[in-house]
Amino acid sequence: MDTLNIIYLVGSLLIFASIMTSTISARLGVPLLLFFLGVGMLAGNEGILGINFENYELANFLGQAALACILLDGGLRTALQSFRVGLKPAIVLASWGVVATVMTLGLFASWLIGVDWRLGVLMAAIVGSTDAAAVFSLLRNGGVKLNDRVQATLEIESGANDPMAILLVTVMIALNLNPDSHNMTSILSTLMQQIGVGLVIGLLAGFALSRLLPKVHLAEGMYAILILSAGLAVFGATNLLGGSGFLAIYLAGVVIGNTKVRATEHVLRVMDSFAWLSQAVLFVVLGLLVTPSHLWEVWHYSLIIFLFLLFVSRPLAVASSLSLFGFRAKEVGFISWVGLRGAVPITLAILPIMSGVAGADLAFNIVFGVVILSLLLQGATIPFMSRAFKVWVPTDTEPKAEHEIWVGDRANITLYEFEVKAGAFAIGRHPMNISNQVNVEKLMVFALVRNKRLVQVQTDTTLQVGDLVWYALPDDFAQEYAGKIANVFNNTATKYQKDSEFYGELLLSPHVRIGDLPFQGLSNPFALPTQFMSKQIPTVASALDTLKVFQPNKQMAIDKDLLATLIDIKHQTIAEFMNEHFTAEPVRGDRVHLNENWSLVVRDIDSQGRLRGVGLKYDAKKKSDTK
């Protein structure tokens with residue numbers, strides 16, 4: 001009994017310590033998952049507590065269950081709209097991208113370490129896929145908003161690339177133990193079985209569960225347990241039938257999460273805790289499993305392999321995978337950089353040890369080192385690199401928090417929290433009087449919090465800096481109006497400056513003709529009067545003559561290239577012009593250049609991928625020839 005209580009005490013304290021380090025993680029900008037690993041290593045056989053944990057079977061069991069839970073939670077939070085912009089490229093990354101990574105890295109690792117190519121390729125297969133736990137955690141809680149194309153591609157790739165990685169690891173283990181055990185036909189057959197069975201069972205199970213949820217009435221906390229138990233059943237059944245349980249449980253989560261019913265919100269709320277607990281347990285257990293001195297012995301191999309993976313294998317795989325989908329070079333660069341490795345490689349590295357593959361211990365320690373380096377370097381630099389590669393988008397139009405209240409099985413009201421910032425339009429106004437500014441008819445004040453106390457809203461109540469206001473909006477209008485309300489509560493000048501720096505000084509309708517763009521009056525050295533756009537001006541020369549007529553007494557700096565471009569396309573609408581130049585599904589932040597100084601930037605887009613708002617931005621990179 002004492003032994004059991006010691007296990008309870010030590011285990012709970014390790015999880016408690018791991019979670020408490022989250023405050024340090026946020027301050028240092030180091031991924032929280034790395035702290036979980038660190039706590040496990042400190043408690044291990046060479047750490048403070050000296051726990052000698054070498055139960056690979058138990059670690060594998062916990063790892064598989066935790067990853068299944070994390071993938072289910074990730075699927076529940078993946079909007080179907082993400083599939084519109086990220087599905088096709090993510091599928092290629094999850095298949096060919098993994099193979100390309102393993103091929104290049106495997107040959108390099110074999111040469112570097114001087115081992116048989118089978119062991120080198122096995123090692124590469126273990127780290128060949130991105131990790132769902134790391135990607136979901138760091139992208140969704142990393143303090144930066146990526147454009148939808150990049151975010152969707154990375155998340156779907158991490159949720160769907162496990163079948164290929166597991167297949168390659170399984171094949172390479174077999175080839176290490178018995179070189180004649182597999183041929184190309186059997187490998188392809190196994191792959192198709194893994195993907196096909198996982199796809200069918202995942203979609204069918206997700207559809208069945210989404211239909212079941214509205215028909216059962218349970219205590220709030222029970223819905224998540226119902227979905228988690230059903231998800232794990234799908235995971236186990238798919239594996240028994242020769243499919244990919246990871247793919248099946250992820251797809252089941254996607255289907256359930258995109259079915260809006262009363263139970264969905266209860267599931268998401270509790271599943272978030274399950275996912276965090278799974279990550280904490282998983283990384284602490286994996287940290288206990290490793291011996292730091294063994295890592296130190298091969299740290300140079302881990303470093304060199306990680307650098308080759310980061311700067312050669314992953315970029316080649318990403319570039320070749322995304323070449324057909326119109327991704328910008330900087331988007332390809334960022335996706336290459338965020339090839340995060342985490343719990344999946346370490347869990348896969350356990351399998352060769354359990355199978356008795358020669359050199360498996362060496363592979364495990366090298367892989368563990370690669371994971372630590374990946375979390376430390378790649379995970380900690382996501383905000384910086386997102387700005388360096390220009391794949392981030394402003395988040396000032398988002399509320400501080402939101403919460404759904406279901407008033408029927410298929411009817412809900414969304415509560416949004418907004419904070420009054422210094423310099424905001426809302427200061428000094430009644431909470432209801434902002435409705436005219438945002439053109440929201442169904443705005444309802446749910447609560448006003450001032451100095452952490454609830455304030456009763458009277459007819460003479462006015463908003464102050466720091467106030468927290470909760471508004472209730474019907475679900476049909478929530479997403480559309482939340483951004484408008486956020487604009488009123490943010491610092492007007494600061495927000496305008498941020499938006500101007502990113503989107504440009506003007507917000508335009510996509511239905512405006514290019515010839516009607518209001519260049520006059522914008523802050524730029526190439527100010528152009530708009531009158532000439534209404535004339536029938538066939539050439540730049542005649543345009544210059546027309547400008548002299550309009551403003552004969554002014555010495556003007558004229559952007560001739562811009563004039564030539566505008567004369568050629570002035571009868572097109574902004575939407576027509578931009579759609580001709582998009583090479584991928586448009587998302588917020590996409591740019592189409594009129595010339596080297598002027599560009600049109602997507603500010604808003606609907607669920608069908610159609611433009612709703614466009615910014616006109618001036619950003620000269622070099623001075624144009626002027627007269």
# chains A, B, ... in the order shown; residues from 1 in each chain; ligands from 1
call {"tool": "select_by_dssp", "arguments": {"residues": "range 113-224 of chain A", "states": "alpha helix (DSSP H)", "output": "PyMOL selection string"}}
result
chain A and resi 113+117-126+132-140+148-160+162-177+184-212+220-224
call {"tool": "residues_around", "arguments": {"residues": "range 366-378 of chain A", "least_positions_apart": "6", "cutoff": "7 Å", "atoms": "only C-alpha atoms", "output": "PyMOL selection string"}}
result
chain A and resi 30-31+34+127+295+298-299+301-303+306+337-338+340-342+345-346
call {"tool": "atom_distance", "arguments": {"atom1": "CA of Phe311 in chain A", "atom2": "CA of Val99 in chain A"}}
result
16.6 Å
call {"tool": "residues_around", "arguments": {"residues": "range 198-210 of chain A", "least_positions_apart": "3", "cutoff": "10 Å", "atoms": "only C-alpha atoms", "output": "PyMOL selection string"}}
result
chain A and resi 163+192-195+213-215+226-227+230-231+233-235+237-239+241-261+263-264
call {"tool": "closest_residue", "arguments": {"among": "A:Leu67, A:Ala363, A:Val39, A:Val449", "to": "Arg118 in chain A", "atoms": "only C-alpha atoms"}}
result
A:Ala363
call {"tool": "closest_residue", "arguments": {"among": "A:Leu87, A:Leu107, A:Val602, A:Ala100", "to": "Ala317 in chain A", "atoms": "only C-alpha atoms"}}
result
A:Ala100
call {"tool": "closest_residue", "arguments": {"among": "A:Val216, A:Leu463, A:Ile126, A:Leu316", "to": "Ala360 in chain A", "atoms": "only C-alpha atoms"}}
result
A:Ile126
call {"tool": "residues_around", "arguments": {"residues": "Phe489 in chain A", "least_positions_apart": "3", "cutoff": "7 Å", "atoms": "only C-alpha atoms", "output": "short mmCIF file (atom, residue, chain, number, x, y, z; two decimals) with N, CA, C and O atoms, in the first residue's frame"}}
result
data_model
loop_
_atom_site.label_atom_id
_atom_site.label_comp_id
_atom_site.auth_asym_id
_atom_site.auth_seq_id
_atom_site.Cartn_x
_atom_site.Cartn_y
_atom_site.Cartn_z
N PHE A 418 -14.77 42.04 -24.13
CA PHE A 418 -13.93 43.08 -24.72
C PHE A 418 -13.39 43.96 -23.61
O PHE A 418 -14.10 44.27 -22.64
N GLU A 419 -12.14 44.36 -23.76
CA GLU A 419 -11.50 45.25 -22.77
C GLU A 419 -11.35 46.63 -23.38
O GLU A 419 -10.87 46.78 -24.50
N VAL A 420 -11.74 47.65 -22.63
CA VAL A 420 -11.62 49.03 -23.10
C VAL A 420 -10.16 49.45 -22.99
O VAL A 420 -9.60 49.53 -21.89
N LYS A 421 -9.53 49.70 -24.12
CA LYS A 421 -8.12 50.11 -24.15
C LYS A 421 -8.00 51.64 -24.14
O LYS A 421 -8.94 52.36 -24.53
N ALA A 424 -9.50 54.31 -26.86
CA ALA A 424 -10.55 53.63 -27.61
C ALA A 424 -11.74 54.55 -27.82
O ALA A 424 -12.03 55.46 -27.03
N PHE A 425 -12.48 54.31 -28.89
CA PHE A 425 -13.69 55.08 -29.20
C PHE A 425 -14.75 54.90 -28.11
O PHE A 425 -15.54 55.79 -27.84
N ALA A 426 -14.75 53.72 -27.46
CA ALA A 426 -15.79 53.39 -26.49
C ALA A 426 -15.70 54.20 -25.20
O ALA A 426 -16.68 54.28 -24.44
N ILE A 485 -17.01 45.12 -33.07
CA ILE A 485 -17.04 45.59 -31.68
C ILE A 485 -15.62 45.74 -31.14
O ILE A 485 -15.30 46.70 -30.43
N ALA A 486 -14.74 44.80 -31.48
CA ALA A 486 -13.35 44.86 -31.01
C ALA A 486 -12.68 46.14 -31.49
O ALA A 486 -11.87 46.73 -30.76
#
call {"tool": "atom_distance", "arguments": {"atom1": "CA of Ala160 in chain A", "atom2": "CA of Ala79 in chain A"}}
result
15.1 Å
call {"tool": "residues_around", "arguments": {"residues": "Gln279 in chain A", "least_positions_apart": "5", "cutoff": "8 Å", "atoms": "only C-alpha atoms", "output": "ChimeraX atom specification"}}
result
/A:33,66-67,70,133
call {"tool": "write_last_selection", "arguments": {"atoms": "N, CA, C and O atoms", "output": "mmCIF file, in the first residue's frame"}}
result
data_model
loop_
_atom_site.group_PDB
_atom_site.id
_atom_site.type_symbol
_atom_site.label_atom_id
_atom_site.label_comp_id
_atom_site.auth_asym_id
_atom_site.auth_seq_id
_atom_site.Cartn_x
_atom_site.Cartn_y
_atom_site.Cartn_z
ATOM 1 N N LEU A 33 6.077 22.284 -23.397
ATOM 2 C CA LEU A 33 6.341 20.857 -23.537
ATOM 3 C C LEU A 33 7.776 20.516 -23.154
ATOM 4 O O LEU A 33 8.048 19.437 -22.630
ATOM 5 N N ALA A 66 -2.070 8.847 -24.972
ATOM 6 C CA ALA A 66 -1.985 10.304 -24.888
ATOM 7 C C ALA A 66 -2.047 10.940 -26.267
ATOM 8 O O ALA A 66 -2.746 11.948 -26.480
ATOM 9 N N LEU A 67 -1.329 10.372 -27.229
ATOM 10 C CA LEU A 67 -1.350 10.917 -28.585
ATOM 11 C C LEU A 67 -2.735 10.811 -29.205
ATOM 12 O O LEU A 67 -3.178 11.700 -29.934
ATOM 13 N N ILE A 70 -4.760 13.636 -27.731
ATOM 14 C CA ILE A 70 -4.331 14.919 -28.279
ATOM 15 C C ILE A 70 -4.847 15.095 -29.706
ATOM 16 O O ILE A 70 -5.307 16.178 -30.096
ATOM 17 N N ALA A 133 1.117 16.888 -31.152
ATOM 18 C CA ALA A 133 1.073 17.502 -29.816
ATOM 19 C C ALA A 133 1.831 18.830 -29.806
ATOM 20 O O ALA A 133 1.344 19.837 -29.273
#
